[in-house]
>>> print(open('structure15.cif').read())   # mmCIF, C-alpha atoms
data_structure
loop_
_atom_site.group_PDB
_atom_site.id
_atom_site.type_symbol
_atom_site.label_atom_id
_atom_site.label_comp_id
_atom_site.auth_asym_id
_atom_site.auth_seq_id
_atom_site.Cartn_x
_atom_site.Cartn_y
_atom_site.Cartn_z
ATOM 1 C CA MET A 1 -104.670 130.286 79.525
ATOM 2 C CA ARG A 2 -101.560 129.734 81.525
ATOM 3 C CA SER A 3 -101.728 125.977 80.870
ATOM 4 C CA ALA A 4 -101.982 126.653 77.139
ATOM 5 C CA GLU A 5 -99.027 129.019 77.271
ATOM 6 C CA VAL A 6 -96.978 126.435 79.146
ATOM 7 C CA CYS A 7 -97.788 123.770 76.525
ATOM 8 C CA VAL A 8 -96.747 126.117 73.745
ATOM 9 C CA GLN A 9 -93.471 126.864 75.479
ATOM 10 C CA VAL A 10 -92.779 123.118 75.997
ATOM 11 C CA PHE A 11 -93.348 122.414 72.288
ATOM 12 C CA ARG A 12 -91.079 125.312 71.385
ATOM 13 C CA ILE A 13 -88.339 123.916 73.629
ATOM 14 C CA ARG A 14 -88.790 120.476 72.001
ATOM 15 C CA ASP A 15 -88.556 122.007 68.522
ATOM 16 C CA ILE A 16 -85.413 123.854 69.524
ATOM 17 C CA ASN A 17 -83.860 120.607 70.881
ATOM 18 C CA VAL A 18 -84.813 118.686 67.732
ATOM 19 C CA GLY A 19 -83.255 121.420 65.617
ATOM 20 C CA LYS A 20 -80.088 121.342 67.675
ATOM 21 C CA ASN A 21 -79.832 117.526 67.295
ATOM 22 C CA LYS A 22 -80.277 117.783 63.542
ATOM 23 C CA MET A 23 -77.602 120.474 63.332
ATOM 24 C CA GLN A 24 -75.261 118.386 65.444
ATOM 25 C CA LYS A 25 -75.791 115.347 63.211
ATOM 26 C CA ILE A 26 -75.201 117.462 60.119
ATOM 27 C CA LYS A 27 -72.013 118.874 61.646
ATOM 28 C CA SER A 28 -70.856 115.354 62.626
ATOM 29 C CA PHE A 29 -71.572 114.106 59.099
ATOM 30 C CA PHE A 30 -69.562 116.879 57.480
ATOM 31 C CA LEU A 31 -66.789 116.425 60.044
ATOM 32 C CA TRP A 32 -66.476 112.719 59.192
ATOM 33 C CA MET A 33 -66.680 113.462 55.490
ATOM 34 C CA GLY A 34 -63.891 115.973 55.935
ATOM 35 C CA ILE A 35 -61.778 113.383 57.737
ATOM 36 C CA VAL A 36 -62.393 110.774 55.030
ATOM 37 C CA LEU A 37 -61.553 113.235 52.267
ATOM 38 C CA ALA A 38 -58.430 114.319 54.115
ATOM 39 C CA VAL A 39 -57.312 110.688 54.434
ATOM 40 C CA VAL A 40 -58.007 109.961 50.751
ATOM 41 C CA ILE A 41 -56.315 113.127 49.519
ATOM 42 C CA GLY A 42 -53.436 112.693 51.959
ATOM 43 C CA SER A 43 -52.905 109.084 50.902
ATOM 44 C CA THR A 44 -52.955 110.075 47.235
ATOM 45 C CA LEU A 45 -50.374 112.765 47.803
ATOM 46 C CA ILE A 46 -48.177 110.963 50.338
ATOM 47 C CA TRP A 47 -48.314 107.342 49.052
ATOM 48 C CA PRO A 48 -45.886 107.869 46.143
ATOM 49 C CA TYR A 49 -43.379 109.351 48.559
ATOM 50 C CA LEU A 50 -43.827 106.414 50.923
ATOM 51 C CA ASN A 51 -43.295 104.007 48.016
ATOM 52 C CA TYR A 52 -40.243 105.906 46.864
ATOM 53 C CA ALA A 53 -38.655 105.203 50.233
ATOM 54 C CA ASN A 54 -39.780 101.556 50.311
ATOM 55 C CA SER A 55 -37.104 99.070 49.193
ATOM 56 C CA GLU A 56 -39.592 96.196 48.869
ATOM 57 C CA TYR A 57 -41.742 98.283 46.504
ATOM 58 C CA TRP A 58 -38.755 98.856 44.208
ATOM 59 C CA HIS A 59 -37.722 95.200 44.483
ATOM 60 C CA ASN A 60 -41.182 94.073 43.341
ATOM 61 C CA ARG A 61 -41.208 96.719 40.624
ATOM 62 C CA GLY A 62 -37.864 95.411 39.383
ATOM 63 C CA ARG A 63 -39.200 91.856 39.231
ATOM 64 C CA ALA A 64 -42.178 93.031 37.203
ATOM 65 C CA PHE A 65 -39.859 94.733 34.724
ATOM 66 C CA TYR A 66 -37.661 91.607 34.643
ATOM 67 C CA ASP A 67 -40.653 89.393 33.798
ATOM 68 C CA LYS A 68 -41.392 91.737 30.874
ATOM 69 C CA LYS A 69 -37.718 91.515 29.816
ATOM 70 C CA ASN A 70 -37.335 95.257 30.324
ATOM 71 C CA TYR A 71 -33.886 94.740 31.814
ATOM 72 C CA GLU A 72 -32.789 98.369 31.830
ATOM 73 C CA LYS A 73 -35.714 99.477 34.001
ATOM 74 C CA ALA A 74 -35.440 96.319 36.122
ATOM 75 C CA LEU A 75 -31.806 97.078 36.875
ATOM 76 C CA LYS A 76 -32.602 100.655 37.908
ATOM 77 C CA ALA A 77 -35.375 99.437 40.195
ATOM 78 C CA PHE A 78 -33.154 96.864 41.916
ATOM 79 C CA GLU A 79 -30.378 99.416 42.315
ATOM 80 C CA HIS A 80 -32.843 101.832 43.913
ATOM 81 C CA ALA A 81 -33.993 99.093 46.304
ATOM 82 C CA ILE A 82 -30.352 98.484 47.261
ATOM 83 C CA SER A 83 -29.721 102.201 47.770
ATOM 84 C CA LEU A 84 -32.571 102.202 50.305
ATOM 85 C CA ASP A 85 -31.432 98.971 51.965
ATOM 86 C CA PRO A 86 -27.772 98.001 51.285
ATOM 87 C CA ASN A 87 -28.361 94.610 52.952
ATOM 88 C CA TYR A 88 -31.241 93.636 50.654
ATOM 89 C CA THR A 89 -29.684 90.411 49.323
ATOM 90 C CA SER A 90 -32.687 89.450 47.198
ATOM 91 C CA ALA A 91 -32.342 92.692 45.231
ATOM 92 C CA TYR A 92 -28.662 91.887 44.612
ATOM 93 C CA GLN A 93 -29.628 88.403 43.418
ATOM 94 C CA TRP A 94 -32.206 89.756 40.985
ATOM 95 C CA LYS A 95 -29.709 92.367 39.846
ATOM 96 C CA ALA A 96 -27.364 89.479 39.037
ATOM 97 C CA ALA A 97 -30.223 87.756 37.174
ATOM 98 C CA VAL A 98 -30.567 90.838 34.962
ATOM 99 C CA TYR A 99 -26.860 90.752 34.189
ATOM 100 C CA LEU A 100 -27.061 87.029 33.393
ATOM 101 C CA ALA A 101 -29.956 87.657 31.024
ATOM 102 C CA THR A 102 -27.823 90.223 29.192
ATOM 103 C CA GLU A 103 -24.690 88.015 29.373
ATOM 104 C CA SER A 104 -22.880 90.585 31.513
ATOM 105 C CA TYR A 105 -21.131 87.911 33.552
ATOM 106 C CA ASP A 106 -18.542 90.052 35.343
ATOM 107 C CA GLN A 107 -21.268 92.340 36.699
ATOM 108 C CA ALA A 108 -23.330 89.330 37.798
ATOM 109 C CA ILE A 109 -20.330 87.914 39.661
ATOM 110 C CA ASP A 110 -19.805 91.291 41.338
ATOM 111 C CA ALA A 111 -23.438 91.239 42.526
ATOM 112 C CA TYR A 112 -22.958 87.744 43.985
ATOM 113 C CA ASP A 113 -19.759 88.894 45.709
ATOM 114 C CA GLN A 114 -21.681 91.695 47.398
ATOM 115 C CA ILE A 115 -24.151 89.144 48.770
ATOM 116 C CA LEU A 116 -21.322 86.895 49.946
ATOM 117 C CA ALA A 117 -19.777 89.865 51.757
ATOM 118 C CA TYR A 118 -22.861 89.823 54.028
ATOM 119 C CA SER A 119 -23.429 86.073 53.945
ATOM 120 C CA PRO A 120 -20.152 84.280 53.049
ATOM 121 C CA ASP A 121 -21.552 80.758 53.453
ATOM 122 C CA ASN A 122 -24.759 81.289 51.464
ATOM 123 C CA PRO A 123 -24.861 77.975 49.538
ATOM 124 C CA LYS A 124 -27.185 79.086 46.744
ATOM 125 C CA ILE A 125 -25.074 82.163 45.981
ATOM 126 C CA VAL A 126 -21.857 80.101 46.010
ATOM 127 C CA LEU A 127 -23.454 77.786 43.439
ATOM 128 C CA LEU A 128 -24.704 80.664 41.299
ATOM 129 C CA LYS A 129 -21.333 82.381 41.344
ATOM 130 C CA GLY A 130 -19.586 79.176 40.261
ATOM 131 C CA GLN A 131 -22.185 78.572 37.536
ATOM 132 C CA THR A 132 -21.718 82.125 36.268
ATOM 133 C CA HIS A 133 -17.979 81.628 35.916
ATOM 134 C CA ALA A 134 -18.747 78.431 33.991
ATOM 135 C CA ARG A 135 -21.185 80.295 31.705
ATOM 136 C CA ALA A 136 -18.396 82.795 31.072
ATOM 137 C CA LYS A 137 -16.188 79.819 30.027
ATOM 138 C CA GLN A 138 -14.031 80.378 33.121
ATOM 139 C CA PHE A 139 -14.128 76.712 34.032
ATOM 140 C CA GLU A 140 -10.949 76.630 36.109
ATOM 141 C CA VAL A 141 -12.225 79.454 38.319
ATOM 142 C CA ALA A 142 -15.581 77.686 38.637
ATOM 143 C CA LEU A 143 -13.795 74.502 39.729
ATOM 144 C CA GLU A 144 -11.890 76.411 42.412
ATOM 145 C CA ILE A 145 -15.184 77.695 43.820
ATOM 146 C CA PHE A 146 -16.814 74.255 43.774
ATOM 147 C CA ASP A 147 -13.775 72.502 45.275
ATOM 148 C CA GLN A 148 -13.435 75.065 48.041
ATOM 149 C CA ALA A 149 -17.121 74.696 48.925
ATOM 150 C CA ILE A 150 -16.834 70.888 48.853
ATOM 151 C CA SER A 151 -13.820 71.020 51.181
ATOM 152 C CA THR A 152 -15.795 72.931 53.843
ATOM 153 C CA GLY A 153 -18.167 70.012 54.225
ATOM 154 C CA ILE A 154 -21.098 72.420 54.598
ATOM 155 C CA ASP A 155 -24.189 70.545 53.429
ATOM 156 C CA ARG A 156 -27.374 72.588 53.808
ATOM 157 C CA PRO A 157 -30.566 72.077 51.803
ATOM 158 C CA VAL A 158 -30.641 74.359 48.768
ATOM 159 C CA LYS A 159 -33.898 75.247 47.027
ATOM 160 C CA ILE A 160 -33.669 75.522 43.248
ATOM 161 C CA GLN A 161 -36.247 75.376 40.449
ATOM 162 C CA ASN A 162 -36.516 71.582 40.408
ATOM 163 C CA GLY A 163 -36.817 71.193 44.182
ATOM 164 C CA THR A 164 -34.639 71.147 47.296
ATOM 165 C CA PHE A 165 -31.307 69.308 47.238
ATOM 166 C CA SER A 166 -28.181 68.739 49.284
ATOM 167 C CA PHE A 167 -25.563 71.479 48.783
ATOM 168 C CA GLN A 168 -22.725 68.948 48.400
ATOM 169 C CA TYR A 169 -24.742 66.979 45.855
ATOM 170 C CA LEU A 170 -25.315 70.103 43.729
ATOM 171 C CA LEU A 171 -21.640 71.066 44.002
ATOM 172 C CA LEU A 172 -20.570 67.655 42.683
ATOM 173 C CA ILE A 173 -22.927 67.961 39.712
ATOM 174 C CA GLN A 174 -21.627 71.427 38.840
ATOM 175 C CA LYS A 175 -18.063 70.252 39.286
ATOM 176 C CA SER A 176 -18.606 67.320 36.922
ATOM 177 C CA THR A 177 -20.114 69.640 34.296
ATOM 178 C CA ALA A 178 -17.110 71.991 34.426
ATOM 179 C CA LEU A 179 -14.710 69.046 34.199
ATOM 180 C CA MET A 180 -16.559 67.688 31.165
ATOM 181 C CA GLU A 181 -16.188 71.063 29.458
ATOM 182 C CA LEU A 182 -12.444 70.853 30.130
ATOM 183 C CA GLU A 183 -12.452 67.267 28.756
ATOM 184 C CA ARG A 184 -11.124 65.984 32.080
ATOM 185 C CA TYR A 185 -13.320 62.936 31.870
ATOM 186 C CA GLU A 186 -11.752 60.750 34.566
ATOM 187 C CA GLU A 187 -12.231 63.493 37.148
ATOM 188 C CA ALA A 188 -15.755 64.185 35.891
ATOM 189 C CA LEU A 189 -16.572 60.496 36.277
ATOM 190 C CA SER A 190 -15.285 60.516 39.880
ATOM 191 C CA ALA A 191 -17.445 63.557 40.709
ATOM 192 C CA LEU A 192 -20.538 61.906 39.194
ATOM 193 C CA GLU A 193 -19.933 58.670 41.083
ATOM 194 C CA ALA A 194 -19.660 60.653 44.323
ATOM 195 C CA ALA A 195 -22.953 62.381 43.498
ATOM 196 C CA LEU A 196 -24.583 59.027 42.748
ATOM 197 C CA GLN A 197 -23.684 57.877 46.251
ATOM 198 C CA LYS A 198 -25.979 60.649 47.489
ATOM 199 C CA SER A 199 -28.758 60.001 44.945
ATOM 200 C CA SER A 200 -28.467 56.568 43.375
ATOM 201 C CA LYS A 201 -31.680 56.746 41.327
ATOM 202 C CA ASP A 202 -31.172 60.138 39.703
ATOM 203 C CA ALA A 203 -31.762 59.584 35.969
ATOM 204 C CA ASN A 204 -29.918 62.789 35.071
ATOM 205 C CA LEU A 205 -26.796 61.646 36.912
ATOM 206 C CA TRP A 206 -26.857 58.239 35.250
ATOM 207 C CA HIS A 207 -27.259 59.890 31.884
ATOM 208 C CA SER A 208 -24.355 62.271 32.551
ATOM 209 C CA LYS A 209 -22.223 59.337 33.621
ATOM 210 C CA GLY A 210 -23.134 57.552 30.387
ATOM 211 C CA VAL A 211 -22.129 60.621 28.350
ATOM 212 C CA VAL A 212 -18.740 60.801 30.111
ATOM 213 C CA LEU A 213 -18.158 57.107 29.458
ATOM 214 C CA LEU A 214 -19.191 57.652 25.837
ATOM 215 C CA MET A 215 -16.576 60.400 25.494
ATOM 216 C CA MET A 216 -14.020 58.016 27.002
ATOM 217 C CA GLU A 217 -15.081 55.424 24.386
ATOM 218 C CA ARG A 218 -16.102 53.014 27.116
ATOM 219 C CA PHE A 219 -19.130 52.089 25.049
ATOM 220 C CA GLU A 220 -20.321 48.993 26.920
ATOM 221 C CA ASP A 221 -20.299 50.841 30.258
ATOM 222 C CA ALA A 222 -22.049 53.825 28.669
ATOM 223 C CA ILE A 223 -24.833 51.563 27.340
ATOM 224 C CA LYS A 224 -25.419 50.204 30.849
ATOM 225 C CA CYS A 225 -25.922 53.744 32.106
ATOM 226 C CA PHE A 226 -28.345 54.637 29.316
ATOM 227 C CA ASP A 227 -30.255 51.410 29.880
ATOM 228 C CA TYR A 228 -30.647 52.320 33.546
ATOM 229 C CA VAL A 229 -32.000 55.749 32.575
ATOM 230 C CA LEU A 230 -34.544 54.011 30.325
ATOM 231 C CA GLN A 231 -35.496 51.709 33.183
ATOM 232 C CA ILE A 232 -36.037 54.642 35.577
ATOM 233 C CA ASP A 233 -37.860 56.953 33.158
ATOM 234 C CA PRO A 234 -38.847 55.165 29.914
ATOM 235 C CA ASP A 235 -41.236 57.736 28.416
ATOM 236 C CA SER A 236 -39.674 61.143 29.085
ATOM 237 C CA THR A 237 -37.479 63.602 27.223
ATOM 238 C CA LYS A 238 -34.536 62.045 29.063
ATOM 239 C CA ALA A 239 -35.496 58.692 27.534
ATOM 240 C CA THR A 240 -35.400 60.196 24.033
ATOM 241 C CA VAL A 241 -31.853 61.445 24.584
ATOM 242 C CA ALA A 242 -30.843 58.190 26.283
ATOM 243 C CA TRP A 243 -32.009 56.133 23.271
ATOM 244 C CA ASN A 244 -30.076 58.465 20.971
ATOM 245 C CA ASN A 245 -26.884 58.222 23.028
ATOM 246 C CA LYS A 246 -27.255 54.480 23.377
ATOM 247 C CA GLY A 247 -27.397 54.379 19.581
ATOM 248 C CA VAL A 248 -24.171 56.411 19.412
ATOM 249 C CA ALA A 249 -22.493 53.926 21.757
ATOM 250 C CA LEU A 250 -23.734 50.973 19.683
ATOM 251 C CA PHE A 251 -22.451 52.716 16.563
ATOM 252 C CA GLY A 252 -19.070 52.995 18.296
ATOM 253 C CA LEU A 253 -19.170 49.213 18.797
ATOM 254 C CA LYS A 254 -20.072 48.863 15.083
ATOM 255 C CA LYS A 255 -23.377 47.254 15.991
ATOM 256 C CA TYR A 256 -25.123 49.131 13.217
ATOM 257 C CA ASP A 257 -28.459 47.331 13.169
ATOM 258 C CA ASP A 258 -28.843 47.719 16.938
ATOM 259 C CA ALA A 259 -27.807 51.373 16.674
ATOM 260 C CA LEU A 260 -30.456 51.979 14.010
ATOM 261 C CA LYS A 261 -33.095 50.431 16.262
ATOM 262 C CA ALA A 262 -32.016 52.705 19.129
ATOM 263 C CA PHE A 263 -32.340 55.823 16.956
ATOM 264 C CA ASP A 264 -35.734 54.650 15.743
ATOM 265 C CA GLN A 265 -36.824 54.279 19.381
ATOM 266 C CA ALA A 266 -35.720 57.851 20.050
ATOM 267 C CA LEU A 267 -37.747 59.034 17.071
ATOM 268 C CA LEU A 268 -40.801 57.129 18.271
ATOM 269 C CA LEU A 269 -40.672 59.275 21.399
ATOM 270 C CA ASP A 270 -39.914 62.486 19.504
ATOM 271 C CA ALA A 271 -40.240 62.469 15.715
ATOM 272 C CA ASP A 272 -38.667 65.948 15.541
ATOM 273 C CA TYR A 273 -35.453 65.063 17.365
ATOM 274 C CA ASP A 274 -32.905 66.261 14.802
ATOM 275 C CA SER A 275 -29.895 64.610 16.483
ATOM 276 C CA ALA A 276 -31.501 61.188 16.114
ATOM 277 C CA TRP A 277 -32.185 61.806 12.403
ATOM 278 C CA TYR A 278 -28.573 62.909 11.928
ATOM 279 C CA SER A 279 -27.185 59.909 13.827
ATOM 280 C CA ARG A 280 -29.533 57.637 11.909
ATOM 281 C CA ALA A 281 -28.051 58.944 8.664
ATOM 282 C CA ARG A 282 -24.529 58.042 9.836
ATOM 283 C CA VAL A 283 -25.614 54.481 10.541
ATOM 284 C CA GLN A 284 -27.315 54.198 7.146
ATOM 285 C CA VAL A 285 -24.098 55.332 5.453
ATOM 286 C CA SER A 286 -22.244 52.540 7.235
ATOM 287 C CA LEU A 287 -24.923 50.074 6.108
ATOM 288 C CA GLY A 288 -24.589 51.310 2.520
ATOM 289 C CA ASN A 289 -28.093 52.798 2.391
ATOM 290 C CA ARG A 290 -27.231 56.063 0.639
ATOM 291 C CA ASP A 291 -30.784 57.105 -0.266
ATOM 292 C CA SER A 292 -32.016 56.498 3.268
ATOM 293 C CA ALA A 293 -29.019 58.406 4.611
ATOM 294 C CA VAL A 294 -29.825 61.411 2.404
ATOM 295 C CA SER A 295 -33.483 61.300 3.430
ATOM 296 C CA SER A 296 -32.547 61.259 7.128
ATOM 297 C CA LEU A 297 -30.064 64.109 6.620
ATOM 298 C CA GLN A 298 -32.644 66.225 4.854
ATOM 299 C CA ARG A 299 -35.049 65.715 7.766
ATOM 300 C CA ALA A 300 -32.325 66.597 10.303
ATOM 301 C CA ILE A 301 -31.423 69.800 8.414
ATOM 302 C CA ALA A 302 -35.067 70.800 8.028
ATOM 303 C CA LEU A 303 -35.476 70.520 11.792
ATOM 304 C CA ASN A 304 -32.157 72.194 12.607
ATOM 305 C CA PRO A 305 -30.254 74.073 9.862
ATOM 306 C CA ASP A 306 -27.042 73.865 11.943
ATOM 307 C CA GLN A 307 -26.883 70.171 11.098
ATOM 308 C CA LYS A 308 -25.905 71.103 7.543
ATOM 309 C CA GLN A 309 -22.636 72.573 8.788
ATOM 310 C CA ASN A 310 -22.055 69.474 10.915
ATOM 311 C CA MET A 311 -22.676 67.278 7.883
ATOM 312 C CA GLN A 312 -20.236 69.223 5.699
ATOM 313 C CA SER A 313 -17.390 68.667 8.176
ATOM 314 C CA ASP A 314 -18.316 65.048 8.967
ATOM 315 C CA GLU A 315 -16.078 62.528 7.214
ATOM 316 C CA ALA A 316 -18.937 60.012 7.172
ATOM 317 C CA PHE A 317 -20.771 62.121 4.586
ATOM 318 C CA GLN A 318 -17.943 63.248 2.336
ATOM 319 C CA PHE A 319 -18.981 60.884 -0.468
ATOM 320 C CA LEU A 320 -22.295 62.803 -0.658
ATOM 321 C CA LYS A 321 -20.573 66.063 -1.697
ATOM 322 C CA GLY A 322 -21.914 66.007 -5.218
ATOM 323 C CA LEU A 323 -25.539 65.674 -4.089
ATOM 324 C CA GLU A 324 -28.131 68.411 -3.602
ATOM 325 C CA VAL A 325 -28.195 67.911 0.156
ATOM 326 C CA PHE A 326 -24.634 69.252 0.355
ATOM 327 C CA LYS A 327 -25.356 72.493 -1.516
#
>>> encode(input="structure15.cif", output="structure tokens")
Amino acid sequence: MRSAEVCVQVFRIRDINVGKNKMQKIKSFFLWMGIVLAVVIGSTLIWPYLNYANSEYWHNRGRAFYDKKNYEKALKAFEHAISLDPNYTSAYQWKAAVYLATESYDQAIDAYDQILAYSPDNPKIVLLKGQTHARAKQFEVALEIFDQAISTGIDRPVKIQNGTFSFQYLLLIQKSTALMELERYEEALSALEAALQKSSKDANLWHSKGVVLLMMERFEDAIKCFDYVLQIDPDSTKATVAWNNKGVALFGLKKYDDALKAFDQALLLDADYDSAWYSRARVQVSLGNRDSAVSSLQRAIALNPDQKQNMQSDEAFQFLKGLEVFK
């Protein structure tokens, strides 16, 4: 009997221990569930406040608004990022981008100045500030910025959309563009030649040099530049423009048949290039082909209605005033 009683007591003790283990597991489960829920609920409640104090979050939010062209919200986001981190230069740069998109050039320049206050030799910002003055038609101010930067001799690599380039090389290009706008062609030519010493096979530079020479009525030299562009890059958009400008130079030399061939080559590359159709019409007038001239003009105007205004003020087409194309 005693042995049986002992066995019963042992089983009871085992049952009690099993029950305790189950209860402990249940308690542990609910404890961990409570912790997980607390973390989830806490994160949900606290995360917005953490974001609100995170400058990078507002910077990224501003970029998202910028990509959607919601410039008002983008500007507010960048300004909030700056308020959290006054040294956040990227936010200043994107703030300037918003102002550029809305043609608020003075505000964009102010944003660049705030970056330069922290980083006075930042080459990309120096370039952007100069370009912004140029976009605002403040070419003399832009030239001062470019010349001052050139005089320092600082020549770091600068990353832009098309790749990474020498700072001095980019300054010379921007300088030449500003000088062309001011019709200071000799100086623009000097700047382009200096840039070509740094990049002798740059088709864009050769084309720009050809345009400057064209404006100076140095037609033979301009044609050489356009021919070199066509040699470097014969099938691109640049080639289309080069053929057109070569035709303009040939027209200046009164080589009308050759000019017509050049415009036709441009149109082979891009049949919708309105400038080539317009220039083609001018050549056909000089060759006495009135009907062909009218046909080319009509095509140019259909592609770009602004060409009609150009035609109406162009002496080459004054004898067409009585025709329908002029109305």
>>> atom_distance(input="structure15.cif", atom1="CA of Met311 (chain A)", atom2="CA of Ser295 (chain A)")
13.1 Å
>>> resolve_selection(input="structure15.cif", expression="the PyMOL selection byres ((chain A and resi 201) around 12)", output="JSON, numbers by chain")
{"A": [193, 195, 196, 197, 198, 199, 200, 202, 203, 204, 205, 206, 207, 225, 228, 229, 230, 231, 232, 233]}
>>> resolve_selection(input="structure15.cif", expression="the PyMOL selection byres ((chain A and resi 181) around 12)", output="NGL selection string")
:A and (134-135 or 137-140 or 142-143 or 174-180 or 182-185 or 187-188 or 212 or 215)
>>> atom_distance(input="structure15.cif", atom1="CA of Glu103 (chain A)", atom2="CA of His59 (chain A)")
21.2 Å
>>> residues_around(input="structure15.cif", residues="region 265-274 of chain A", least_positions_apart="6", cutoff="9 Å", atoms="only C-alpha atoms", output="count of residues only")
17
>>> resolve_selection(input="structure15.cif", expression="the PyMOL selection byres ((chain A and resi 145-151) around 10)", output="number ranges by chain")
A: 121, 123, 126-127, 129-131, 133, 139-144, 152-155, 167-176, 178
>>> residues_around(input="structure15.cif", residues="Lys321 (chain A)", least_positions_apart="4", cutoff="12 Å", atoms="all atoms listed in the file", output="PyMOL selection string")
chain A and resi 294+308+311-317+325-327
>>> atom_distance(input="structure15.cif", atom1="CA of Phe319 (chain A)", atom2="CA of Gln298 (chain A)")
15.6 Å
>>> closest_residue(input="structure15.cif", among="A:Trp94, A:Ala262, A:Tyr256, A:Asp306", to="Ile223 (chain A)", atoms="only C-alpha atoms")
A:Ala262
>>> residues_around(input="structure15.cif", residues="Asp113 (chain A)", least_positions_apart="3", cutoff="12 Å", atoms="all atoms listed in the file", output="MDAnalysis selection string")
chainID A and resid 89 92:93 96 106:110 116:122 125:130 132
>>> residues_around(input="structure15.cif", residues="Ser296 (chain A)", least_positions_apart="3", cutoff="6 Å", atoms="all atoms listed in the file", output="short mmCIF file (atom, residue, chain, number, x, y, z; two decimals) with C-alpha atoms, keeping the file's coordinate frame")
data_model
loop_
_atom_site.label_atom_id
_atom_site.label_comp_id
_atom_site.auth_asym_id
_atom_site.auth_seq_id
_atom_site.Cartn_x
_atom_site.Cartn_y
_atom_site.Cartn_z
CA TRP A 277 -32.18 61.81 12.40
CA ALA A 281 -28.05 58.94 8.66
CA ALA A 293 -29.02 58.41 4.61
CA ARG A 299 -35.05 65.72 7.77
#
>>> axis_aligned_box(input="structure15.cif", around="region 59-73 of chain A", padding_each_side="6 Å", output="JSON")
{"center_x": -37.5, "center_y": 94.4, "center_z": 37.1, "size_x": 21.4, "size_y": 22.1, "size_z": 26.7}
>>> residues_around(input="structure15.cif", residues="Lys159 (chain A)", least_positions_apart="6", cutoff="9 Å", atoms="all atoms listed in the file", output="PyMOL selection string")
chain A and resi 124+165-166
>>> write_last_selection(input="structure15.cif", atoms="C-alpha atoms", output="mmCIF file, in the coordinates of the input")
data_model
loop_
_atom_site.group_PDB
_atom_site.id
_atom_site.type_symbol
_atom_site.label_atom_id
_atom_site.label_comp_id
_atom_site.auth_asym_id
_atom_site.auth_seq_id
_atom_site.Cartn_x
_atom_site.Cartn_y
_atom_site.Cartn_z
ATOM 1 C CA LYS A 124 -27.185 79.086 46.744
ATOM 2 C CA PHE A 165 -31.307 69.308 47.238
ATOM 3 C CA SER A 166 -28.181 68.739 49.284
#
>>> closest_residue(input="structure15.cif", among="A:Gly247, A:Pro234, A:Gly252, A:Pro86", to="Phe219 (chain A)", atoms="only C-alpha atoms")
A:Gly252
